[in-house]
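Colleague: Submitted below is the structure of interest, expressed as structure tokens.
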Amino acid sequence: MKIMVAIKRVVDYAVKIRVKPDKTGVETNNVKMSMNPFCEIALEEALRIKESGLASEVVAVSMGPSQCVDTLRTGLAMGADRGIHVEATSVLYSLTVAKILKSLVEVEKPGLLFLGKQAIDDDCNQTGQMVAGLLSWPQATFASKVLNTLPVLQLSHSR
């Protein structure tokens with residue numbers, strides 16, 4: 001089974017955010033960027049499943065400017081087998097990302113698709129639900145642990 005994991009490049013969680021002088025957004029020039037922490041958790045869980053022998057491949061996917069390749073390199077260094085970069089120069093909204101993920105799922109045919117709980121830059125938490133709807137796939141949200149009993153997924157919820 002193949003697992004696809006979406007990973008997002010965001011301003012590093014330890015960076016103090018500054019608003020642009022024209023108040024149109026957050027300053028990202030000369031700011032440390034890294035993998036979204038929740039995407040990192042999703043990738044780590046996919047790698048644990050692979051290490052247990054229940055998956056054969058983990059594919060990391062990132063969308064955005066060319067600098068997203070650095071985030072993919074981090075994913076590969078963590079243990080992902082392949083990385084896919086979908087280059088985009090404009091802002092990607094959740095529905096657009098969900099549609100791109102749907103297309104990638106149709107091409108790559110993974111058994112599971114993991115996304116982080118939410119992105120720390122916009123706190124949207126909606127892309128996973130959208131892509132599940134577009135694919136007519138079942139979904140689980142806010143899983144704290146995926147137990148190694150695949151193909152029947154058992155999800156625990158921590159409080």
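Every chain in the structure tokens has a letter given in the order shown (A, B, ...), and although residue numbers restart at 1 in each chain, ligands are simply numbered from 1 in the order shown.
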List the neighbours of Lys8 in chain A out to 8 Å using only C-alpha atoms; skip same-chain residues closer than 3 positions along the sequence, and give me the result as a list in words.
Modeller: Met35, Asn36, Cys39, Ser62, Met63, Cys68, Thr71 and Ala119 of chain A
Colleague: Please identify the helix (DSSP H, G or I) residues within range 7-141 of chain A (assignment by DSSP from backbone atoms) and present them as a count of residues only.
Modeller: 50
Colleague: With distances taken over only C-alpha atoms, which of A:Glu87, A:Val26, A:Val15, A:Ile3 is nearest to Val59 in chain A?
Modeller: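 With only C-alpha atoms as the atom set, the closest residue is A:Ile3.
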Colleague: Can you pull out every residue within 10 Å of Thr28 in chain A, counting only C-alpha atoms, but drop anything in the same chain fewer than 6 positions away, and send it as a list in words?
Modeller: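 Near Thr28 in chain A, the qualifying residues are Val10, Val11, Ile17, Arg18, Val19 and Lys20 of chain A.
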Colleague: Just to be explicit: take each residue in the selection above, keep N, CA, C and O atoms, and write the result as a PDB file, in the first residue's frame.
Modeller:
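Writing done, so here's again09.pdb:
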ATOM      1  N   VAL A  10       5.487  26.583   5.735  1.00  0.00           N
ATOM      2  CA  VAL A  10       4.933  27.712   6.487  1.00  0.00           C
ATOM      3  C   VAL A  10       6.064  28.449   7.193  1.00  0.00           C
ATOM      4  O   VAL A  10       7.183  27.959   7.293  1.00  0.00           O
ATOM      5  N   VAL A  11       5.762  29.628   7.703  1.00  0.00           N
ATOM      6  CA  VAL A  11       6.717  30.341   8.546  1.00  0.00           C
ATOM      7  C   VAL A  11       6.979  29.463   9.755  1.00  0.00           C
ATOM      8  O   VAL A  11       6.051  28.910  10.355  1.00  0.00           O
ATOM      9  N   ILE A  17       6.055  36.594  14.231  1.00  0.00           N
ATOM     10  CA  ILE A  17       5.407  37.072  13.005  1.00  0.00           C
ATOM     11  C   ILE A  17       5.380  38.597  12.989  1.00  0.00           C
ATOM     12  O   ILE A  17       5.105  39.243  13.995  1.00  0.00           O
ATOM     13  N   ARG A  18       5.654  39.154  11.781  1.00  0.00           N
ATOM     14  CA  ARG A  18       5.566  40.598  11.576  1.00  0.00           C
ATOM     15  C   ARG A  18       4.578  40.861  10.446  1.00  0.00           C
ATOM     16  O   ARG A  18       4.590  40.201   9.420  1.00  0.00           O
ATOM     17  N   VAL A  19       3.742  41.857  10.648  1.00  0.00           N
ATOM     18  CA  VAL A  19       2.786  42.263   9.618  1.00  0.00           C
ATOM     19  C   VAL A  19       3.513  43.149   8.620  1.00  0.00           C
ATOM     20  O   VAL A  19       4.359  43.970   8.990  1.00  0.00           O
ATOM     21  N   LYS A  20       3.187  42.987   7.335  1.00  0.00           N
ATOM     22  CA  LYS A  20       3.789  43.824   6.301  1.00  0.00           C
ATOM     23  C   LYS A  20       3.449  45.285   6.573  1.00  0.00           C
ATOM     24  O   LYS A  20       2.364  45.581   7.106  1.00  0.00           O
TER      25      LYS A  20
END
Colleague: Which residues come within 6 Å of range 48-56 of chain A, counting only C-alpha atoms, excluding same-chain residues fewer than 3 positions away, as a tab-separated table (two decimals) with N, CA, C and O atoms, in the first residue's frame?
Modeller:
chain	number	residue	atom	x	y	z
A	1	MET	N	0.84	-1.18	0.00
A	1	MET	CA	0.00	0.00	0.00
A	1	MET	C	0.89	1.24	0.00
A	1	MET	O	1.91	1.30	0.68
A	2	LYS	N	0.47	2.22	-0.73
A	2	LYS	CA	1.15	3.50	-0.80
A	2	LYS	C	0.40	4.51	0.08
A	2	LYS	O	-0.83	4.52	0.11
A	45	GLU	N	3.69	9.63	11.17
A	45	GLU	CA	2.77	8.49	11.34
A	45	GLU	C	2.79	7.61	10.10
A	45	GLU	O	2.77	6.38	10.21
Colleague: Would you pick out the contacts of Leu47 in chain A at 8 Å or less, using only C-alpha atoms, so that residues sharing its chain but fewer than 3 positions from it are not included, and give the list as a list in words?
Modeller: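 Contacts, in chain order: Leu43, Glu44, Lys50, Glu51, Val58, Gly79 and Ala80 of chain A.
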Colleague: Kindly indicate which residue among A:Leu113, A:Met130, A:Val105, A:Ile7 lies nearest to Tyr93 in chain A, using only C-alpha atoms for the distances.
Modeller: A:Met130
Colleague: Have a look at CA of Lys99 in chain A and CA of Asn29 in chain A and let me know their distance in Å, one decimal.
Modeller: 28.3 Å
Colleague: Hey, can you check how far CA of Gly111 in chain A sits from CA of Leu134 in chain A?
Modeller: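 Taking CA of Gly111 in chain A and CA of Leu134 in chain A, their separation equals 15.8 Å.
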Colleague: With only C-alpha atoms as the basis for distance, which of A:Lys23, A:Arg73, A:Lys109, A:Arg82 is at the shortest distance from Glu57 in chain A?
Modeller: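 Among the listed residues, the smallest separation from Glu57 in chain A belongs to A:Arg82.
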Colleague: Looking only at the backbone, which of the residues in range 38-99 of chain A does DSSP tag as strand (DSSP E or B), as a ChimeraX atom specification?
Modeller: /A:57-64,82-87
Colleague: If you keep C-alpha atoms, can you produce a file of those selected residues as a PDB file, in the first residue's frame?
Modeller:
ATOM      1  CA  GLU A  57       5.864   3.577  -0.044  1.00  0.00           C
ATOM      2  CA  VAL A  58       5.397   7.036   1.436  1.00  0.00           C
ATOM      3  CA  VAL A  59       5.046   9.918  -1.022  1.00  0.00           C
ATOM      4  CA  ALA A  60       5.294  13.507   0.234  1.00  0.00           C
ATOM      5  CA  VAL A  61       3.454  16.216  -1.713  1.00  0.00           C
ATOM      6  CA  SER A  62       3.943  19.962  -1.430  1.00  0.00           C
ATOM      7  CA  MET A  63       2.376  22.787  -3.404  1.00  0.00           C
ATOM      8  CA  GLY A  64       3.571  26.329  -3.873  1.00  0.00           C
ATOM      9  CA  ARG A  82       9.472  10.222  -3.069  1.00  0.00           C
ATOM     10  CA  GLY A  83       8.447  13.834  -3.219  1.00  0.00           C
ATOM     11  CA  ILE A  84       6.061  15.569  -5.598  1.00  0.00           C
ATOM     12  CA  HIS A  85       6.169  19.341  -5.995  1.00  0.00           C
ATOM     13  CA  VAL A  86       3.239  21.105  -7.633  1.00  0.00           C
ATOM     14  CA  GLU A  87       4.600  24.528  -8.488  1.00  0.00           C
TER      15      GLU A  87
END
